[in-house]
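Novice: Sharing a structure below in structure tokens format, with a few things to ask.
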Amino acid sequence: HQAGIGHMMNDRNLPGYKGDLGKDVRTIAEVMKTADYSTYISGKWHVTPKIHLGDSQHNWPRQRGFDRFYGTIHGAGSFFDPNSLTRDNTLISPYADPEYKPKTFYYTDAINDHAAKFITEHKGDDPFFLYIAHTAPHWPMHALPEDIEKYKGEYDLGYDFIRERRFERMKQLGIIDETTKMSPPAGDWNRTPHKEWEIRCMEVYAAMVDRMDQGIGKIVQSLDARGALDNTLILFLQDNG
């Protein structure tokens, strides 16, 4: 609310609900710049409604403290043709991008590949801050076929079985105490309509997370390759997805 983003990008004409990042707040990148950090962002921005060609860019990443940016100004969309895809201050198309030409464009891969690229191309030994903002596993449910195939049949027995299996596994691993009781379920799998659709959603959702994890591995490898891994603090935070 202090940043002006109380609820998404709609201006409700109320303090805290302007839907556009406030001029009276500082981003972490703006703060890190005062300590001579290089600052990079790969992924979604989603703190301004100004996403179209010709809109003001005063709240785009390059104007709010980041040295390099690849990603989307908008918050969510297609993983195969994301809207508002941008490099630095230039709107681009994944299919007309001279700098990045994968065999198959998939936004999660693009985010991770550019994050790794920023690390690789970082000059010297000066400190850097890298913000990686995935859209996975937020809707829409878009994943690559080879990743979906890994989870074929994994969720056929439904929510209750999977929940109980994971609960017991956490006990075995010592993550939760043996005396911990499971909370009541939110619903009954046996009474769930459209089970095939639900199963398919879970398979695709898992595939989306899997692909994100593969890419994070590449980012860690890029840190290791430049000898920066042991001197880097890595924080992983999960959104509502």
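Simple scheme: letters A, B, ... for chains in structure tokens order, numbers from 1 for residues in each chain, numbers from 1 for ligands in the order shown.
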Using only C-alpha atoms, which residues sit within 6 Å of Gly43 in chain A once same-chain residues fewer than 5 positions away are excluded, as a CSV table (one decimal) with N, CA and C atoms, in the first residue's frame?
Specialist:
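Result written to part-v5.csv:
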chain,number,residue,atom,x,y,z
A,71,GLY,N,12.1,-8.9,-19.9
A,71,GLY,CA,10.9,-9.5,-19.3
A,71,GLY,C,9.6,-8.8,-19.8
A,111,ILE,N,13.3,-16.3,-19.3
A,111,ILE,CA,13.6,-15.6,-18.0
A,111,ILE,C,14.9,-16.1,-17.4
A,132,ILE,N,14.9,-12.0,-10.2
A,132,ILE,CA,14.3,-12.9,-11.2
A,132,ILE,C,12.9,-13.2,-10.8
A,133,ALA,N,12.0,-12.7,-11.7
A,133,ALA,CA,10.5,-12.7,-11.3
A,133,ALA,C,9.8,-13.6,-12.3
A,134,HIS,N,9.7,-14.9,-11.9
A,134,HIS,CA,9.0,-15.8,-12.8
A,134,HIS,C,7.5,-15.6,-12.8
Novice: Return as JSON lines the residues of range 47-117 of chain A lying at most 8 Å from range 14-20 of chain A, together with the closest atom-to-atom pair for each and the distance in Å to one decimal, counting only C-alpha atoms, with rows in chain order and ascending residue number.
Specialist:
{"residue": "A:Val47", "atom": "CA", "partner": "A:Asp20", "partner_atom": "CA", "distance": 5.7}
{"residue": "A:Thr48", "atom": "CA", "partner": "A:Asp20", "partner_atom": "CA", "distance": 4.5}
{"residue": "A:Pro49", "atom": "CA", "partner": "A:Asp20", "partner_atom": "CA", "distance": 6.5}
{"residue": "A:Asn59", "atom": "CA", "partner": "A:Asp20", "partner_atom": "CA", "distance": 7.7}
Novice: Between A:Asp177, A:Lys218, A:Tyr95, A:Pro137, which residue has the minimum interatomic distance to Val204 in chain A, considering only C-alpha atoms?
Specialist: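 The answer is A:Pro137, which sits nearest to Val204 in chain A.
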Novice: Counting only C-alpha atoms, give me one row per residue of range 81-170 of chain A with an atom at most 10 Å from an atom of range 227-236 of chain A, showing the shortest contact pair and its distance in Å to one decimal, sorted by chain then residue number, as a tab-separated table.
Specialist:
residue	atom	partner	partner_atom	distance
A:Ile119	CA	A:Ala228	CA	9.4
A:Asp125	CA	A:Ala228	CA	9.0
A:Pro127	CA	A:Thr232	CA	9.2
A:Phe128	CA	A:Thr232	CA	9.2
A:Phe129	CA	A:Thr232	CA	9.5
A:Leu130	CA	A:Ile234	CA	9.6
A:Tyr131	CA	A:Leu235	CA	9.8
A:Ile132	CA	A:Phe236	CA	9.5
Novice: Go ahead and save the picked residues with N, CA and C atoms, as a PDB file, in the first residue's frame.
Specialist:
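Dumped to again.pdb:
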ATOM      1  N   ILE A 119      24.448 -12.676 -15.433  1.00  0.00           N
ATOM      2  CA  ILE A 119      25.520 -13.081 -14.520  1.00  0.00           C
ATOM      3  C   ILE A 119      26.818 -13.280 -15.297  1.00  0.00           C
ATOM      4  N   ASP A 125      34.625  -7.645 -10.566  1.00  0.00           N
ATOM      5  CA  ASP A 125      34.291  -8.270  -9.295  1.00  0.00           C
ATOM      6  C   ASP A 125      33.365  -7.413  -8.438  1.00  0.00           C
ATOM      7  N   PRO A 127      29.988  -5.975  -6.810  1.00  0.00           N
ATOM      8  CA  PRO A 127      28.788  -6.726  -6.425  1.00  0.00           C
ATOM      9  C   PRO A 127      27.627  -6.458  -7.374  1.00  0.00           C
ATOM     10  N   PHE A 128      26.732  -7.430  -7.463  1.00  0.00           N
ATOM     11  CA  PHE A 128      25.547  -7.241  -8.299  1.00  0.00           C
ATOM     12  C   PHE A 128      24.315  -7.774  -7.584  1.00  0.00           C
ATOM     13  N   PHE A 129      23.175  -7.191  -7.945  1.00  0.00           N
ATOM     14  CA  PHE A 129      21.864  -7.630  -7.460  1.00  0.00           C
ATOM     15  C   PHE A 129      21.051  -8.067  -8.665  1.00  0.00           C
ATOM     16  N   LEU A 130      20.508  -9.270  -8.613  1.00  0.00           N
ATOM     17  CA  LEU A 130      19.716  -9.815  -9.711  1.00  0.00           C
ATOM     18  C   LEU A 130      18.352 -10.237  -9.186  1.00  0.00           C
ATOM     19  N   TYR A 131      17.302  -9.666  -9.751  1.00  0.00           N
ATOM     20  CA  TYR A 131      15.927  -9.997  -9.393  1.00  0.00           C
ATOM     21  C   TYR A 131      15.327 -10.817 -10.530  1.00  0.00           C
ATOM     22  N   ILE A 132      14.897 -12.038 -10.224  1.00  0.00           N
ATOM     23  CA  ILE A 132      14.318 -12.944 -11.220  1.00  0.00           C
ATOM     24  C   ILE A 132      12.865 -13.164 -10.843  1.00  0.00           C
TER      25      ILE A 132
END
Novice: Counting only C-alpha atoms, which of A:Lys152, A:Lys44, A:Arg200, A:His122 gets nearest to Tyr107 in chain A?
Specialist: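 Selected residue with least distance to Tyr107 in chain A: A:Lys44.
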